[in-house]
>>> print(open('data12.csv').read())   # CSV, C-alpha atoms
chain,number,residue,atom,x,y,z
A,802,MET,CA,-22.4,-18.2,10.2
A,803,SER,CA,-25.9,-19.5,11.1
A,804,LEU,CA,-27.6,-18.5,14.4
A,805,GLN,CA,-27.4,-22.1,15.5
A,806,GLU,CA,-23.7,-22.3,14.8
A,807,GLY,CA,-23.2,-19.0,16.7
A,808,GLU,CA,-25.1,-20.4,19.7
A,809,CYS,CA,-23.0,-23.5,19.6
A,810,LEU,CA,-19.7,-21.5,19.6
A,811,LEU,CA,-21.0,-19.3,22.4
A,812,SER,CA,-22.0,-22.2,24.5
A,813,SER,CA,-18.5,-23.6,24.0
A,814,MET,CA,-16.9,-20.4,25.4
A,815,ASN,CA,-15.8,-21.1,28.9
A,816,SER,CA,-16.8,-18.8,31.8
A,817,SER,CA,-13.2,-17.4,31.8
A,818,ASN,CA,-13.5,-16.0,28.3
A,819,LYS,CA,-17.0,-14.6,28.9
A,820,LEU,CA,-15.6,-12.9,32.0
A,821,ILE,CA,-12.8,-11.3,30.0
A,822,LEU,CA,-15.4,-9.9,27.5
A,823,LYS,CA,-17.5,-8.5,30.4
A,824,GLN,CA,-14.4,-6.9,31.9
A,825,ILE,CA,-13.5,-5.3,28.6
A,826,ALA,CA,-17.0,-3.9,28.3
A,827,HIS,CA,-16.8,-2.5,31.8
A,828,SER,CA,-13.5,-0.7,30.8
A,829,TYR,CA,-15.5,1.0,28.1
A,830,GLY,CA,-18.5,1.9,30.4
A,831,PHE,CA,-21.1,-0.5,29.2
A,832,SER,CA,-22.7,-3.9,30.2
A,833,ILE,CA,-23.0,-6.9,27.9
A,834,ILE,CA,-26.4,-8.4,27.3
A,835,LYS,CA,-25.6,-10.8,24.5
A,836,ILE,CA,-22.4,-12.1,22.8
A,837,ARG,CA,-22.2,-13.4,19.2
A,838,PRO,CA,-18.9,-14.8,17.8
A,839,CYS,CA,-18.1,-13.5,14.3
A,840,PRO,CA,-16.0,-15.6,11.9
A,841,SER,CA,-13.6,-14.4,9.2
A,842,LEU,CA,-12.2,-16.2,6.1
A,843,TYR,CA,-9.4,-17.7,8.3
A,844,LYS,CA,-10.9,-18.1,11.8
A,845,ASN,CA,-14.0,-19.5,13.3
A,846,VAL,CA,-14.0,-16.7,15.8
A,847,ALA,CA,-12.2,-13.5,14.7
A,848,ALA,CA,-14.2,-11.0,16.8
A,849,PHE,CA,-17.4,-10.7,18.9
A,850,ARG,CA,-20.5,-8.7,18.4
A,851,VAL,CA,-21.8,-7.6,21.8
A,852,SER,CA,-25.2,-6.2,22.5
A,853,THR,CA,-25.0,-3.9,25.5
A,854,ASN,CA,-27.1,-1.4,27.5
A,855,LYS,CA,-25.6,1.3,25.2
A,856,GLY,CA,-25.9,-0.4,21.8
A,857,ASN,CA,-24.1,-2.9,19.6
A,858,TYR,CA,-20.3,-3.0,19.4
A,859,MET,CA,-17.5,-5.2,18.1
A,860,ILE,CA,-14.8,-6.5,20.5
A,861,LYS,CA,-11.8,-7.7,18.6
A,862,PRO,CA,-8.6,-9.5,19.8
A,863,PHE,CA,-5.5,-8.0,18.3
A,864,ILE,CA,-2.6,-10.0,17.1
A,865,GLY,CA,0.5,-7.8,17.3
A,866,SER,CA,2.4,-5.5,19.6
A,867,GLN,CA,1.0,-2.8,21.7
A,868,GLY,CA,3.0,-0.3,19.8
A,869,ARG,CA,1.5,-1.5,16.5
A,870,LEU,CA,-2.0,-1.2,18.0
A,871,PHE,CA,-1.2,2.3,19.3
A,872,ARG,CA,-0.3,3.4,15.8
A,873,LEU,CA,-3.5,1.9,14.3
A,874,SER,CA,-5.7,3.6,16.8
A,875,SER,CA,-3.8,6.9,16.2
A,876,TYR,CA,-4.3,6.6,12.4
A,877,ALA,CA,-8.0,5.8,13.0
A,878,SER,CA,-8.4,8.9,15.2
A,879,ARG,CA,-6.6,11.2,12.7
A,880,LEU,CA,-8.7,9.9,9.8
A,881,ARG,CA,-11.9,10.5,11.7
A,882,ARG,CA,-10.9,14.1,12.6
A,883,LYS,CA,-10.2,14.7,9.0
A,884,GLY,CA,-13.7,13.7,8.1
A,885,PHE,CA,-13.1,10.2,6.7
A,886,ARG,CA,-16.2,8.1,7.5
A,887,GLY,CA,-15.3,4.9,5.6
A,888,MET,CA,-14.3,3.0,8.7
A,889,PRO,CA,-16.1,2.0,12.0
A,890,LYS,CA,-15.4,4.5,14.9
A,891,TRP,CA,-12.9,3.2,17.4
A,892,LEU,CA,-14.1,3.7,21.0
A,893,LYS,CA,-12.1,5.0,23.9
A,894,THR,CA,-12.0,3.4,27.4
A,895,ARG,CA,-13.1,5.4,30.4
A,896,SER,CA,-9.4,6.1,31.0
A,897,GLY,CA,-9.0,7.5,27.5
A,898,LYS,CA,-7.2,4.6,25.7
A,899,HIS,CA,-8.3,2.9,22.5
A,900,TRP,CA,-7.6,-0.6,23.8
A,901,VAL,CA,-7.3,-2.8,26.8
A,902,LYS,CA,-5.0,-5.6,27.8
A,903,LYS,CA,-6.5,-8.7,29.6
A,904,ARG,CA,-4.4,-11.7,30.6
A,905,GLY,CA,-1.6,-10.8,28.2
A,906,LYS,CA,-3.9,-10.2,25.2
A,907,LEU,CA,-4.8,-6.9,23.5
A,908,TYR,CA,-8.4,-6.0,22.5
A,909,TYR,CA,-10.0,-3.0,20.9
A,910,VAL,CA,-13.6,-2.0,20.5
A,911,THR,CA,-15.4,-0.3,17.5
A,912,GLU,CA,-19.0,0.6,16.7
A,913,TRP,CA,-20.9,-2.3,15.1
A,914,ILE,CA,-21.8,-1.7,11.4
A,915,GLU,CA,-25.1,-3.3,10.5
A,916,GLY,CA,-24.9,-4.1,6.8
A,917,ARG,CA,-24.2,-6.7,4.2
A,918,ASP,CA,-21.2,-7.6,2.0
A,919,ILE,CA,-21.1,-5.4,-1.1
A,920,LEU,CA,-22.1,-6.9,-4.4
A,921,SER,CA,-19.7,-7.3,-7.3
A,922,ASN,CA,-21.8,-4.9,-9.5
A,923,LYS,CA,-20.8,-1.6,-11.1
A,924,GLU,CA,-22.7,0.7,-8.8
A,925,GLU,CA,-21.3,-0.7,-5.5
A,926,LEU,CA,-17.8,-1.2,-6.8
A,927,ALA,CA,-17.8,2.5,-7.9
A,928,LYS,CA,-18.8,3.5,-4.4
A,929,LEU,CA,-16.1,1.3,-2.9
A,930,GLY,CA,-13.6,3.0,-5.2
A,931,VAL,CA,-14.7,6.4,-3.8
A,932,VAL,CA,-14.1,5.1,-0.2
A,933,LEU,CA,-10.6,3.9,-1.0
A,934,ALA,CA,-9.7,7.1,-2.8
A,935,LYS,CA,-10.8,9.2,0.1
A,936,LEU,CA,-8.6,7.1,2.4
A,937,HIS,CA,-5.6,7.7,0.2
A,938,SER,CA,-6.3,11.4,-0.3
A,939,VAL,CA,-7.1,12.3,3.3
A,940,SER,CA,-4.1,10.5,4.7
A,941,ARG,CA,-1.6,12.1,2.3
A,942,SER,CA,-1.7,15.3,4.5
A,943,PHE,CA,-0.5,13.4,7.6
A,944,GLY,CA,3.2,13.9,6.9
A,945,LEU,CA,4.0,10.2,7.3
A,946,PRO,CA,7.7,9.3,7.2
A,947,PRO,CA,9.1,8.5,3.7
A,948,ARG,CA,9.5,4.9,2.7
A,949,SER,CA,13.0,3.7,3.0
A,950,ASP,CA,12.6,0.5,1.1
A,951,SER,CA,11.8,0.2,-2.6
A,952,LEU,CA,8.4,-0.9,-3.7
A,953,VAL,CA,9.9,-2.4,-6.9
A,954,ARG,CA,12.2,-4.4,-4.8
A,955,GLU,CA,9.3,-5.7,-2.7
A,956,LEU,CA,7.4,-6.6,-5.9
A,957,LYS,CA,10.5,-8.5,-7.2
A,958,LYS,CA,10.6,-10.5,-4.0
A,959,ARG,CA,6.9,-11.4,-4.4
A,960,HIS,CA,7.4,-12.4,-8.0
A,961,ALA,CA,10.4,-14.6,-7.1
A,962,ALA,CA,8.3,-16.3,-4.5
A,963,PHE,CA,5.5,-16.8,-7.0
A,964,CYS,CA,7.9,-18.3,-9.5
A,965,SER,CA,9.3,-20.7,-6.9
A,966,GLN,CA,5.8,-21.8,-5.9
A,967,THR,CA,4.8,-22.3,-9.5
A,968,LYS,CA,7.8,-24.5,-10.2
A,969,VAL,CA,6.9,-26.7,-7.1
A,970,LEU,CA,3.3,-27.0,-8.3
A,971,ARG,CA,4.4,-28.4,-11.6
A,972,SER,CA,5.3,-31.7,-10.0
A,973,LYS,CA,1.8,-32.1,-8.4
A,974,SER,CA,-1.0,-34.1,-10.0
A,975,SER,CA,-3.6,-31.7,-8.5
A,976,LYS,CA,-5.8,-29.3,-10.5
A,977,ALA,CA,-3.4,-26.5,-9.6
A,978,GLY,CA,-0.4,-28.6,-10.7
A,979,THR,CA,-2.0,-29.3,-14.1
A,980,TRP,CA,-2.8,-25.6,-14.5
A,981,SER,CA,0.7,-24.7,-13.6
A,982,GLN,CA,2.2,-27.0,-16.2
A,983,HIS,CA,0.1,-25.4,-18.9
A,984,ARG,CA,0.0,-21.7,-17.8
A,985,GLY,CA,2.9,-21.2,-15.3
A,986,GLU,CA,5.5,-20.1,-17.8
A,987,GLN,CA,3.1,-17.5,-19.3
A,988,CYS,CA,2.2,-16.1,-15.9
A,989,MET,CA,5.9,-15.8,-14.9
A,990,LYS,CA,6.7,-14.0,-18.1
A,991,LEU,CA,3.8,-11.6,-17.6
A,992,GLY,CA,5.2,-10.8,-14.2
A,993,TRP,CA,8.7,-10.2,-15.5
A,994,ASP,CA,7.3,-8.0,-18.3
A,995,ALA,CA,5.3,-6.0,-15.7
A,996,LEU,CA,8.5,-5.5,-13.6
A,997,GLU,CA,10.4,-4.3,-16.7
A,998,SER,CA,7.7,-1.8,-17.4
A,999,LEU,CA,8.2,-0.2,-14.0
A,1000,LYS,CA,11.7,0.9,-15.1
A,1001,ALA,CA,10.1,3.6,-17.4
A,1002,GLU,CA,11.2,7.1,-16.3
A,1003,ARG,CA,7.8,8.5,-15.8
A,1004,ILE,CA,6.7,5.5,-13.7
A,1005,ARG,CA,9.9,5.5,-11.6
A,1006,SER,CA,9.5,9.2,-10.9
A,1007,ARG,CA,5.9,8.6,-9.9
A,1008,LEU,CA,6.9,5.9,-7.4
A,1009,GLN,CA,9.7,8.0,-6.0
A,1010,LYS,CA,7.3,10.9,-5.5
A,1011,GLU,CA,4.9,8.7,-3.7
A,1012,SER,CA,7.6,7.2,-1.4
A,1013,ARG,CA,8.3,10.8,-0.1
A,1014,GLN,CA,4.6,11.5,0.7
A,1015,GLN,CA,3.0,8.1,1.6
A,1016,PRO,CA,-0.7,7.7,2.2
A,1017,LEU,CA,-2.2,5.2,4.5
A,1018,VAL,CA,-3.3,1.9,2.9
A,1019,HIS,CA,-6.0,-0.5,4.0
A,1020,GLY,CA,-4.0,-3.5,2.7
A,1021,ASP,CA,-6.8,-6.1,2.5
A,1022,VAL,CA,-9.7,-4.7,0.5
A,1023,THR,CA,-11.9,-7.7,-0.3
A,1024,ILE,CA,-15.6,-8.3,-0.7
A,1025,PRO,CA,-15.9,-9.6,2.9
A,1026,ASN,CA,-14.1,-6.5,4.2
A,1027,ALA,CA,-16.5,-4.1,2.5
A,1028,LEU,CA,-20.0,-3.6,4.1
A,1029,LYS,CA,-23.0,-1.8,2.6
A,1030,SER,CA,-25.1,-0.1,5.3
A,1031,LYS,CA,-28.1,2.2,4.9
A,1032,GLU,CA,-25.9,5.2,5.0
A,1033,ARG,CA,-22.7,4.3,3.1
A,1034,ILE,CA,-20.1,1.7,2.3
A,1035,TYR,CA,-17.6,0.9,5.0
A,1036,LEU,CA,-14.3,-0.9,4.9
A,1037,ILE,CA,-13.7,-3.1,8.0
A,1038,ASP,CA,-10.8,-5.2,9.4
A,1039,TRP,CA,-8.2,-2.4,9.5
A,1040,ASP,CA,-5.5,-4.5,11.2
A,1041,ALA,CA,-3.3,-4.3,8.1
A,1042,MET,CA,-3.5,-0.5,7.8
A,1043,LYS,CA,-0.1,1.1,7.4
A,1044,PRO,CA,1.8,3.8,5.4
A,1045,GLY,CA,2.3,2.3,1.9
A,1046,SER,CA,1.6,2.6,-1.8
A,1047,ALA,CA,-1.8,3.8,-2.9
A,1048,TYR,CA,-1.1,2.2,-6.3
A,1049,LEU,CA,-0.5,-1.2,-4.8
A,1050,ASP,CA,-3.5,-0.9,-2.5
A,1051,LEU,CA,-5.7,-0.1,-5.5
A,1052,VAL,CA,-4.3,-3.1,-7.4
A,1053,VAL,CA,-5.0,-5.4,-4.5
A,1054,ALA,CA,-8.6,-4.0,-4.2
A,1055,LEU,CA,-9.2,-4.5,-8.0
A,1056,THR,CA,-7.8,-8.0,-7.8
A,1057,ASN,CA,-9.9,-9.0,-4.8
A,1058,THR,CA,-13.3,-7.5,-5.8
A,1059,THR,CA,-13.8,-7.2,-9.5
A,1060,GLU,CA,-13.2,-10.9,-10.6
A,1061,PHE,CA,-11.0,-9.4,-13.4
A,1062,ASN,CA,-14.1,-8.3,-15.2
A,1063,PRO,CA,-13.1,-5.3,-17.3
A,1064,SER,CA,-16.4,-3.5,-16.8
A,1065,ASN,CA,-16.2,-4.0,-13.0
A,1066,MET,CA,-12.6,-2.8,-13.0
A,1067,ALA,CA,-13.6,0.3,-15.0
A,1068,ALA,CA,-16.5,1.0,-12.5
A,1069,PHE,CA,-14.2,0.7,-9.5
A,1070,LEU,CA,-11.6,3.1,-11.2
A,1071,SER,CA,-14.3,5.5,-12.2
A,1072,GLY,CA,-15.4,5.8,-8.5
A,1073,TYR,CA,-11.8,6.2,-7.4
A,1074,GLU,CA,-11.2,8.9,-9.9
A,1075,GLN,CA,-14.2,10.9,-8.7
A,1076,VAL,CA,-12.0,11.7,-5.7
A,1077,ARG,CA,-8.5,11.2,-7.0
A,1078,PRO,CA,-8.0,11.5,-10.8
A,1079,LEU,CA,-5.2,9.4,-12.2
A,1080,THR,CA,-2.7,10.5,-14.9
A,1081,ARG,CA,-2.0,8.3,-17.9
A,1082,SER,CA,1.3,7.2,-16.4
A,1083,GLU,CA,-0.4,6.3,-13.1
A,1084,LYS,CA,-2.9,4.1,-15.0
A,1085,LYS,CA,-0.1,2.4,-16.8
A,1086,LEU,CA,1.7,1.8,-13.4
A,1087,ILE,CA,-1.5,0.3,-12.0
>>> encode(input="data12.csv", output="structure tokens")
Amino acid sequence: MSLQEGECLLSSMNSSNKLILKQIAHSYGFSIIKIRPCPSLYKNVAAFRVSTNKGNYMIKPFIGSQGRLFRLSSYASRLRRKGFRGMPKWLKTRSGKHWVKKRGKLYYVTEWIEGRDILSNKEELAKLGVVLAKLHSVSRSFGLPPRSDSLVRELKKRHAAFCSQTKVLRSKSSKAGTWSQHRGEQCMKLGWDALESLKAERIRSRLQKESRQQPLVHGDVTIPNALKSKERIYLIDWDAMKPGSAYLDLVVALTNTTEFNPSNMAAFLSGYEQVRPLTRSEKKLI
């Protein structure tokens, strides 16, 4: 977003919204000097950077229940106590909570990370791999409840949805429709072949073991959600964090950041394995 666009969005904020942000800041013990709306891939305004008398922070509206936000803040606190520094620090209000509720909406505040999007090069992808591996390794000690549902069942549902969407696309005259007519069958077969490979005994036992000792997963590792600061690489936008499969989290990260470039994927995995080495069966699973 350009500075001019930010100023336009800010000027369009009504006095009521500005007052809410000032009230939120007061709950955390600081006073706002400047407000800058921050966009995401899906929203013109996903959060706010606020310059205050005590530094720069991010105020973010939360879409979800208070119980869900409580769990997120609890996970963030536990990760920080265990030494994980790959996420912005969540701030506490003066009453000791990690969030506030204003006019029926939930908000939380974190430190503002000054940095840039990471580059899709081997060096920075390897460092991102290190951050993700630290998240998975540190959180395995939390004793999170076992997963009751099957990851393979979830993947089958995703693949069924993909097949259904692909068949619908075939009737379209768009670029995606033309691509689907020529490549859709091959992609669907690749999916089924992958699902079949998950039935191998070593892979099934690996998934079962993980389901009994789940790590926390970020859930949305993308280039826009990884920032390079002077000190380190941070992952941001943790609203999708939950107990889950480290393997699937790693696959999502590889898909979203490496452009399917083999050398980039190898660099990401080399960084990941500096912290959490992978067995041959784990690599096959991924």
>>> atom_distance(input="data12.csv", atom1="CA of Ser921 (chain A)", atom2="CA of Leu956 (chain A)")
27.1 Å
>>> closest_residue(input="data12.csv", among="A:Arg1013, A:Lys935, A:Lys1043, A:Arg959", to="Met888 (chain A)", atoms="only C-alpha atoms")
A:Lys935
>>> residues_around(input="data12.csv", residues="Tyr908 (chain A)", least_positions_apart="3", cutoff="7 Å", atoms="only C-alpha atoms", output="ChimeraX atom specification")
/A:860-863,900-902
>>> write_last_selection(input="data12.csv", atoms="C-alpha atoms", output="compact mmCIF listing (two decimals), keeping the file's coordinate frame")
# COMPACT_ATOMS: atom_id res chain seq x y z
CA ILE A 860 -14.80 -6.50 20.50
CA LYS A 861 -11.80 -7.70 18.60
CA PRO A 862 -8.60 -9.50 19.80
CA PHE A 863 -5.50 -8.00 18.30
CA TRP A 900 -7.60 -0.60 23.80
CA VAL A 901 -7.30 -2.80 26.80
CA LYS A 902 -5.00 -5.60 27.80
>>> closest_residue(input="data12.csv", among="A:Met1042, A:Leu907, A:Ile1037, A:Leu929", to="Ser875 (chain A)", atoms="only C-alpha atoms")
A:Met1042
>>> residues_around(input="data12.csv", residues="Ser998 (chain A)", least_positions_apart="5", cutoff="10 Å", atoms="all atoms listed in the file", output="list of chain:residue names")
A:Gly992, A:Trp993, A:Ile1004, A:Arg1005, A:Lys1085, A:Leu1086
>>> closest_residue(input="data12.csv", among="A:Gly1020, A:Gly905, A:Pro838, A:Pro889", to="Leu933 (chain A)", atoms="all atoms listed in the file")
A:Gly1020
>>> closest_residue(input="data12.csv", among="A:Val932, A:Leu880, A:Ala1068, A:Met859", to="Glu912 (chain A)", atoms="all atoms listed in the file")
A:Met859
>>> closest_residue(input="data12.csv", among="A:Lys1010, A:Lys976, A:Arg917, A:Lys990", to="Pro1025 (chain A)", atoms="only C-alpha atoms")
A:Arg917
>>> closest_residue(input="data12.csv", among="A:Ser981, A:Ser975, A:Ser1064, A:Gln1009", to="Ser951 (chain A)", atoms="only C-alpha atoms")
A:Gln1009
>>> atom_distance(input="data12.csv", atom1="CA of Gln987 (chain A)", atom2="CA of His960 (chain A)")
13.1 Å
>>> residues_around(input="data12.csv", residues="Ala1067 (chain A)", least_positions_apart="5", cutoff="10 Å", atoms="only C-alpha atoms", output="CSV table (one decimal) with C-alpha atoms, keeping the file's coordinate frame")
chain,number,residue,atom,x,y,z
A,923,LYS,CA,-20.8,-1.6,-11.1
A,926,LEU,CA,-17.8,-1.2,-6.8
A,927,ALA,CA,-17.8,2.5,-7.9
A,1055,LEU,CA,-9.2,-4.5,-8.0
A,1059,THR,CA,-13.8,-7.2,-9.5
A,1062,ASN,CA,-14.1,-8.3,-15.2
A,1072,GLY,CA,-15.4,5.8,-8.5
A,1073,TYR,CA,-11.8,6.2,-7.4
>>> atom_distance(input="data12.csv", atom1="CA of Leu1017 (chain A)", atom2="CA of Glu997 (chain A)")
26.4 Å
>>> residues_near_point(input="data12.csv", point="(-13.0, 1.7, 16.5)", cutoff="9 Å", atoms="only C-alpha atoms", output="count of residues only")
16
>>> residues_around(input="data12.csv", residues="Ser1012 (chain A)", least_positions_apart="5", cutoff="12 Å", atoms="only C-alpha atoms", output="MDAnalysis selection string")
chainID A and resid 941 944:953 1005:1007 1017 1044:1048
>>> residues_around(input="data12.csv", residues="region 967-974 of chain A", least_positions_apart="4", cutoff="12 Å", atoms="only C-alpha atoms", output="ChimeraX atom specification")
/A:960-963,978-989
>>> residues_near_point(input="data12.csv", point="(-8.7, -12.8, -1.5)", cutoff="10 Å", atoms="all atoms listed in the file", output="list in words")
Leu842, Asp1021, Val1022, Thr1023, Ile1024, Pro1025, Val1053, Ala1054, Thr1056, Asn1057 and Thr1058 of chain A
>>> decode(input="data12.csv", residues="region 876-887 of chain A", atoms="N, CA and C atoms", output="CSV table (one decimal), in the first residue's frame")
chain,number,residue,atom,x,y,z
A,876,TYR,N,-1.0,-20.2,23.5
A,876,TYR,CA,0.1,-20.8,22.7
A,876,TYR,C,1.2,-19.8,22.5
A,877,ALA,N,0.9,-18.6,22.2
A,877,ALA,CA,2.0,-17.6,21.9
A,877,ALA,C,2.8,-17.4,23.2
A,878,SER,N,2.2,-17.3,24.3
A,878,SER,CA,2.9,-17.1,25.6
A,878,SER,C,3.8,-18.3,25.9
A,879,ARG,N,3.3,-19.5,25.7
A,879,ARG,CA,4.1,-20.7,25.9
A,879,ARG,C,5.3,-20.8,25.0
A,880,LEU,N,5.1,-20.5,23.7
A,880,LEU,CA,6.2,-20.5,22.8
A,880,LEU,C,7.3,-19.5,23.2
A,881,ARG,N,6.9,-18.4,23.6
A,881,ARG,CA,7.9,-17.4,24.0
A,881,ARG,C,8.6,-17.8,25.2
A,882,ARG,N,7.9,-18.4,26.2
A,882,ARG,CA,8.6,-18.9,27.4
A,882,ARG,C,9.6,-20.0,27.1
A,883,LYS,N,9.3,-20.7,26.0
A,883,LYS,CA,10.2,-21.8,25.7
A,883,LYS,C,11.4,-21.3,24.8
A,884,GLY,N,11.4,-20.0,24.5
A,884,GLY,CA,12.5,-19.5,23.7
A,884,GLY,C,12.3,-19.3,22.3
A,885,PHE,N,11.1,-19.5,21.8
A,885,PHE,CA,10.8,-19.4,20.4
A,885,PHE,C,10.7,-17.9,20.1
A,886,ARG,N,11.4,-17.4,19.1
A,886,ARG,CA,11.4,-16.0,18.8
A,886,ARG,C,11.0,-15.7,17.3
A,887,GLY,N,10.4,-16.6,16.7
A,887,GLY,CA,10.0,-16.5,15.3
A,887,GLY,C,8.6,-15.8,15.1
